[in-house]
Amino acid sequence: MIIPLLKGLKLTLKYFFSKKITLRYPEEKWPVAPRWRGRHVLTVYPTGKIRCVACMLCATVCPAECIKIVAAAEPDNRKYPESYELDLGRCIFCGHCVDVCPRQAIEMSTVYELSEYSRESLILDKETLMKPPAERYVSEKRKAG
Ligand code: SF4
Ligand code: SF4
């Protein structure tokens, strides 16, 4: 009877004096790998113009069929997405959309706090996707311009 109790106390004492790993979330965040597949971002040129040329490759390759694009053309015939919707509620964060993009127009940030109260809120439109999701978002391509 006393042996299990002593074993329990020994375990408690071991962890009592060891380094604490608890984080004060959400004030403290757990660091993620630089290549973490988090919330998507549609990248822009330094001028603010969207890089995407509405080629539809990302929507075609997406196994979850969660990207919807409506293409339009500028007077010089350059295509751009009139609307771009990405449903995070369906996304499986495989990264295929990023890999296939010929313009590096879509990236995945390190942002992982994606909870919402409704499925509709998980559908991100073009304007939302063009905004960097948080100050912790770091993109080498954006830094390079
Ligand atoms: S990460 Fe995968 S599932 Fe999500 S939008 Fe891209 S291709 Fe589709
Ligand atoms: S994000 Fe890339 S792959 Fe998707 S439509 Fe735009 S240019 Fe094409």
# chains A, B, ... in the order shown; residues from 1 in each chain; ligands from 1
$ residues_around --residues "Leu86 in chain A" --least-positions-apart "3" --cutoff "6 Å" --atoms "only C-alpha atoms" --output "list of chain:residue names"
A:Cys66, A:Ile67, A:Ile123, A:Leu124
$ write_last_selection --atoms "all heavy atoms" --output "CSV table (one decimal), in the first residue's frame"
chain,number,residue,atom,x,y,z
A,66,CYS,N,-11.3,23.0,-52.2
A,66,CYS,CA,-11.8,24.1,-51.4
A,66,CYS,C,-11.4,25.5,-51.9
A,66,CYS,O,-11.6,26.5,-51.2
A,66,CYS,CB,-11.3,23.9,-50.0
A,66,CYS,SG,-9.5,23.8,-49.8
A,67,ILE,N,-10.8,25.5,-53.1
A,67,ILE,CA,-10.5,26.8,-53.7
A,67,ILE,C,-11.4,27.1,-54.9
A,67,ILE,O,-11.6,26.3,-55.8
A,67,ILE,CB,-9.0,26.8,-54.2
A,67,ILE,CG1,-8.1,26.6,-53.1
A,67,ILE,CG2,-8.7,28.1,-54.9
A,67,ILE,CD1,-6.6,26.5,-53.5
A,123,ILE,N,-14.4,30.5,-44.5
A,123,ILE,CA,-14.3,30.8,-45.9
A,123,ILE,C,-13.6,32.1,-46.1
A,123,ILE,O,-14.2,33.2,-45.8
A,123,ILE,CB,-15.6,30.7,-46.7
A,123,ILE,CG1,-16.3,29.4,-46.5
A,123,ILE,CG2,-15.4,31.0,-48.1
A,123,ILE,CD1,-17.7,29.2,-47.0
A,124,LEU,N,-12.4,32.1,-46.5
A,124,LEU,CA,-11.6,33.4,-46.7
A,124,LEU,C,-11.7,33.9,-48.1
A,124,LEU,O,-11.5,33.2,-49.1
A,124,LEU,CB,-10.1,33.1,-46.3
A,124,LEU,CG,-9.8,32.4,-45.0
A,124,LEU,CD1,-8.3,32.2,-44.8
A,124,LEU,CD2,-10.4,33.1,-43.8
$ residues_around --residues "Cys94 in chain A" --least-positions-apart "2" --cutoff "9 Å" --atoms "only C-alpha atoms" --output "PyMOL selection string"
chain A and resi 37+62-63+91-92+96-97
$ write_last_selection --atoms "N, CA, C and O atoms" --output "PDB file, in the first residue's frame"
ATOM      1  N   ARG A  37       2.731  24.538 -42.144  1.00  0.00           N
ATOM      2  CA  ARG A  37       1.649  24.837 -43.091  1.00  0.00           C
ATOM      3  C   ARG A  37       0.458  25.409 -42.336  1.00  0.00           C
ATOM      4  O   ARG A  37      -0.398  24.667 -41.866  1.00  0.00           O
ATOM      5  N   CYS A  62      -6.129  20.956 -55.920  1.00  0.00           N
ATOM      6  CA  CYS A  62      -6.580  20.839 -54.517  1.00  0.00           C
ATOM      7  C   CYS A  62      -7.427  19.579 -54.314  1.00  0.00           C
ATOM      8  O   CYS A  62      -8.501  19.450 -54.898  1.00  0.00           O
ATOM      9  N   PRO A  63      -6.958  18.656 -53.476  1.00  0.00           N
ATOM     10  CA  PRO A  63      -7.713  17.411 -53.292  1.00  0.00           C
ATOM     11  C   PRO A  63      -9.015  17.607 -52.516  1.00  0.00           C
ATOM     12  O   PRO A  63      -9.919  16.782 -52.610  1.00  0.00           O
ATOM     13  N   CYS A  91     -10.067  22.508 -46.066  1.00  0.00           N
ATOM     14  CA  CYS A  91      -8.630  22.368 -46.365  1.00  0.00           C
ATOM     15  C   CYS A  91      -7.970  21.319 -45.466  1.00  0.00           C
ATOM     16  O   CYS A  91      -8.267  21.236 -44.269  1.00  0.00           O
ATOM     17  N   ILE A  92      -7.098  20.527 -46.070  1.00  0.00           N
ATOM     18  CA  ILE A  92      -6.356  19.527 -45.286  1.00  0.00           C
ATOM     19  C   ILE A  92      -4.879  19.929 -45.138  1.00  0.00           C
ATOM     20  O   ILE A  92      -4.058  19.135 -44.699  1.00  0.00           O
ATOM     21  N   HIS A  96      -0.353  21.438 -51.557  1.00  0.00           N
ATOM     22  CA  HIS A  96      -0.258  21.240 -53.012  1.00  0.00           C
ATOM     23  C   HIS A  96      -0.497  22.550 -53.774  1.00  0.00           C
ATOM     24  O   HIS A  96       0.121  22.792 -54.806  1.00  0.00           O
ATOM     25  N   CYS A  97      -1.406  23.375 -53.274  1.00  0.00           N
ATOM     26  CA  CYS A  97      -1.708  24.642 -53.958  1.00  0.00           C
ATOM     27  C   CYS A  97      -0.464  25.524 -54.026  1.00  0.00           C
ATOM     28  O   CYS A  97      -0.228  26.197 -55.033  1.00  0.00           O
TER      29      CYS A  97
END
$ residues_near_ligand --ligand "ligand 1" --cutoff "12 Å" --atoms "only C-alpha atoms and all ligand atoms" --output "number ranges by chain"
A: 36-42, 56-69, 84-101, 106-109, 123-124, 129
$ write_last_selection --atoms "N, CA and C atoms" --output "tab-separated table (two decimals), in the first residue's frame"
chain	number	residue	atom	x	y	z
A	36	TRP	N	6.08	25.44	-41.43
A	36	TRP	CA	4.75	25.05	-40.93
A	36	TRP	C	3.67	25.43	-41.96
A	37	ARG	N	2.73	24.54	-42.14
A	37	ARG	CA	1.65	24.84	-43.09
A	37	ARG	C	0.46	25.41	-42.34
A	38	GLY	N	0.44	26.72	-42.24
A	38	GLY	CA	-0.66	27.40	-41.56
A	38	GLY	C	-1.56	28.10	-42.55
A	39	ARG	N	-2.17	29.17	-42.07
A	39	ARG	CA	-3.16	29.90	-42.88
A	39	ARG	C	-2.52	30.44	-44.18
A	40	HIS	N	-3.26	30.33	-45.26
A	40	HIS	CA	-2.75	30.74	-46.57
A	40	HIS	C	-2.69	32.27	-46.70
A	41	VAL	N	-1.83	32.69	-47.61
A	41	VAL	CA	-1.71	34.11	-47.93
A	41	VAL	C	-1.57	34.24	-49.44
A	42	LEU	N	-2.31	35.16	-50.03
A	42	LEU	CA	-2.10	35.49	-51.44
A	42	LEU	C	-1.08	36.63	-51.48
A	56	MET	N	-5.74	28.86	-62.29
A	56	MET	CA	-6.59	27.79	-61.78
A	56	MET	C	-5.83	26.51	-61.38
A	57	LEU	N	-4.51	26.54	-61.45
A	57	LEU	CA	-3.77	25.32	-61.11
A	57	LEU	C	-4.02	24.90	-59.65
A	58	CYS	N	-4.02	25.88	-58.76
A	58	CYS	CA	-4.21	25.55	-57.34
A	58	CYS	C	-5.59	24.92	-57.11
A	59	ALA	N	-6.61	25.52	-57.75
A	59	ALA	CA	-7.97	24.99	-57.59
A	59	ALA	C	-8.09	23.60	-58.20
A	60	THR	N	-7.36	23.37	-59.30
A	60	THR	CA	-7.43	22.08	-59.99
A	60	THR	C	-6.76	20.98	-59.17
A	61	VAL	N	-5.61	21.31	-58.58
A	61	VAL	CA	-4.84	20.29	-57.87
A	61	VAL	C	-5.37	20.03	-56.45
A	62	CYS	N	-6.13	20.96	-55.92
A	62	CYS	CA	-6.58	20.84	-54.52
A	62	CYS	C	-7.43	19.58	-54.31
A	63	PRO	N	-6.96	18.66	-53.48
A	63	PRO	CA	-7.71	17.41	-53.29
A	63	PRO	C	-9.02	17.61	-52.52
A	64	ALA	N	-9.12	18.69	-51.77
A	64	ALA	CA	-10.32	18.94	-50.99
A	64	ALA	C	-11.32	19.85	-51.72
A	65	GLU	N	-10.92	20.29	-52.92
A	65	GLU	CA	-11.77	21.17	-53.73
A	65	GLU	C	-12.26	22.36	-52.92
A	66	CYS	N	-11.34	23.00	-52.24
A	66	CYS	CA	-11.77	24.10	-51.37
A	66	CYS	C	-11.38	25.47	-51.90
A	67	ILE	N	-10.85	25.53	-53.14
A	67	ILE	CA	-10.50	26.83	-53.73
A	67	ILE	C	-11.45	27.12	-54.88
A	68	LYS	N	-12.04	28.32	-54.83
A	68	LYS	CA	-12.92	28.75	-55.93
A	68	LYS	C	-12.40	30.08	-56.45
A	69	ILE	N	-12.16	30.13	-57.76
A	69	ILE	CA	-11.61	31.35	-58.36
A	69	ILE	C	-12.53	31.79	-59.51
A	84	TYR	N	-11.47	35.18	-55.17
A	84	TYR	CA	-10.68	34.02	-54.80
A	84	TYR	C	-11.16	33.61	-53.41
A	85	GLU	N	-11.71	32.43	-53.32
A	85	GLU	CA	-12.23	31.95	-52.03
A	85	GLU	C	-11.52	30.67	-51.63
A	86	LEU	N	-11.13	30.59	-50.39
A	86	LEU	CA	-10.49	29.37	-49.87
A	86	LEU	C	-11.21	28.97	-48.59
A	87	ASP	N	-11.75	27.76	-48.58
A	87	ASP	CA	-12.52	27.27	-47.44
A	87	ASP	C	-11.60	26.49	-46.50
A	88	LEU	N	-11.19	27.14	-45.42
A	88	LEU	CA	-10.30	26.48	-44.46
A	88	LEU	C	-10.97	25.32	-43.75
A	89	GLY	N	-12.30	25.32	-43.73
A	89	GLY	CA	-13.03	24.22	-43.10
A	89	GLY	C	-12.88	22.91	-43.86
A	90	ARG	N	-12.58	23.01	-45.14
A	90	ARG	CA	-12.38	21.81	-45.96
A	90	ARG	C	-10.91	21.49	-46.15
A	91	CYS	N	-10.07	22.51	-46.07
A	91	CYS	CA	-8.63	22.37	-46.37
A	91	CYS	C	-7.97	21.32	-45.47
A	92	ILE	N	-7.10	20.53	-46.07
A	92	ILE	CA	-6.36	19.53	-45.29
A	92	ILE	C	-4.88	19.93	-45.14
A	93	PHE	N	-4.57	21.16	-45.53
A	93	PHE	CA	-3.24	21.73	-45.33
A	93	PHE	C	-2.13	20.86	-45.92
A	94	CYS	N	-2.40	20.34	-47.12
A	94	CYS	CA	-1.41	19.49	-47.79
A	94	CYS	C	-0.33	20.32	-48.47
A	95	GLY	N	-0.63	21.56	-48.80
A	95	GLY	CA	0.37	22.43	-49.44
A	95	GLY	C	0.48	22.26	-50.95
A	96	HIS	N	-0.35	21.44	-51.56
A	96	HIS	CA	-0.26	21.24	-53.01
A	96	HIS	C	-0.50	22.55	-53.77
A	97	CYS	N	-1.41	23.37	-53.27
A	97	CYS	CA	-1.71	24.64	-53.96
A	97	CYS	C	-0.46	25.52	-54.03
A	98	VAL	N	0.34	25.51	-52.97
A	98	VAL	CA	1.56	26.31	-52.93
A	98	VAL	C	2.60	25.71	-53.89
A	99	ASP	N	2.73	24.40	-53.85
A	99	ASP	CA	3.74	23.73	-54.68
A	99	ASP	C	3.49	23.94	-56.17
A	100	VAL	N	2.25	23.96	-56.56
A	100	VAL	CA	1.91	23.97	-57.98
A	100	VAL	C	1.88	25.39	-58.58
A	101	CYS	N	1.81	26.39	-57.74
A	101	CYS	CA	1.63	27.76	-58.25
A	101	CYS	C	2.86	28.23	-59.03
A	106	ILE	N	0.67	32.07	-53.92
A	106	ILE	CA	0.00	31.61	-52.70
A	106	ILE	C	1.04	30.94	-51.80
A	107	GLU	N	1.00	31.31	-50.53
A	107	GLU	CA	1.93	30.76	-49.55
A	107	GLU	C	1.14	30.30	-48.34
A	108	MET	N	1.81	29.51	-47.51
A	108	MET	CA	1.19	29.14	-46.24
A	108	MET	C	2.01	29.77	-45.11
A	109	SER	N	1.33	30.50	-44.25
A	109	SER	CA	2.01	31.19	-43.16
A	109	SER	C	2.19	30.24	-41.98
A	123	ILE	N	-14.44	30.52	-44.49
A	123	ILE	CA	-14.27	30.77	-45.92
A	123	ILE	C	-13.60	32.13	-46.08
A	124	LEU	N	-12.36	32.12	-46.55
A	124	LEU	CA	-11.59	33.36	-46.67
A	124	LEU	C	-11.70	33.91	-48.08
A	129	LEU	N	-7.30	37.04	-47.72
A	129	LEU	CA	-6.10	36.25	-48.02
A	129	LEU	C	-4.91	37.12	-48.41
$ select_by_dssp --residues "chain A" --states "strand (DSSP E)" --output "count of residues only"
24
$ select_by_dssp --residues "chain A" --states "alpha helix (DSSP H)" --output "PyMOL selection string"
chain A and resi 2-16+57-61+96-100+126-130+140-144
$ residues_around --residues "Pro81 in chain A" --least-positions-apart "6" --cutoff "12 Å" --atoms "only C-alpha atoms" --output "VMD selection string"
chain A and resid 42 49 to 56 59 67 to 74 105 125 to 127 130
$ atom_distance --atom1 "CA of Lys29 in chain A" --atom2 "CA of Thr110 in chain A"
11.4 Å
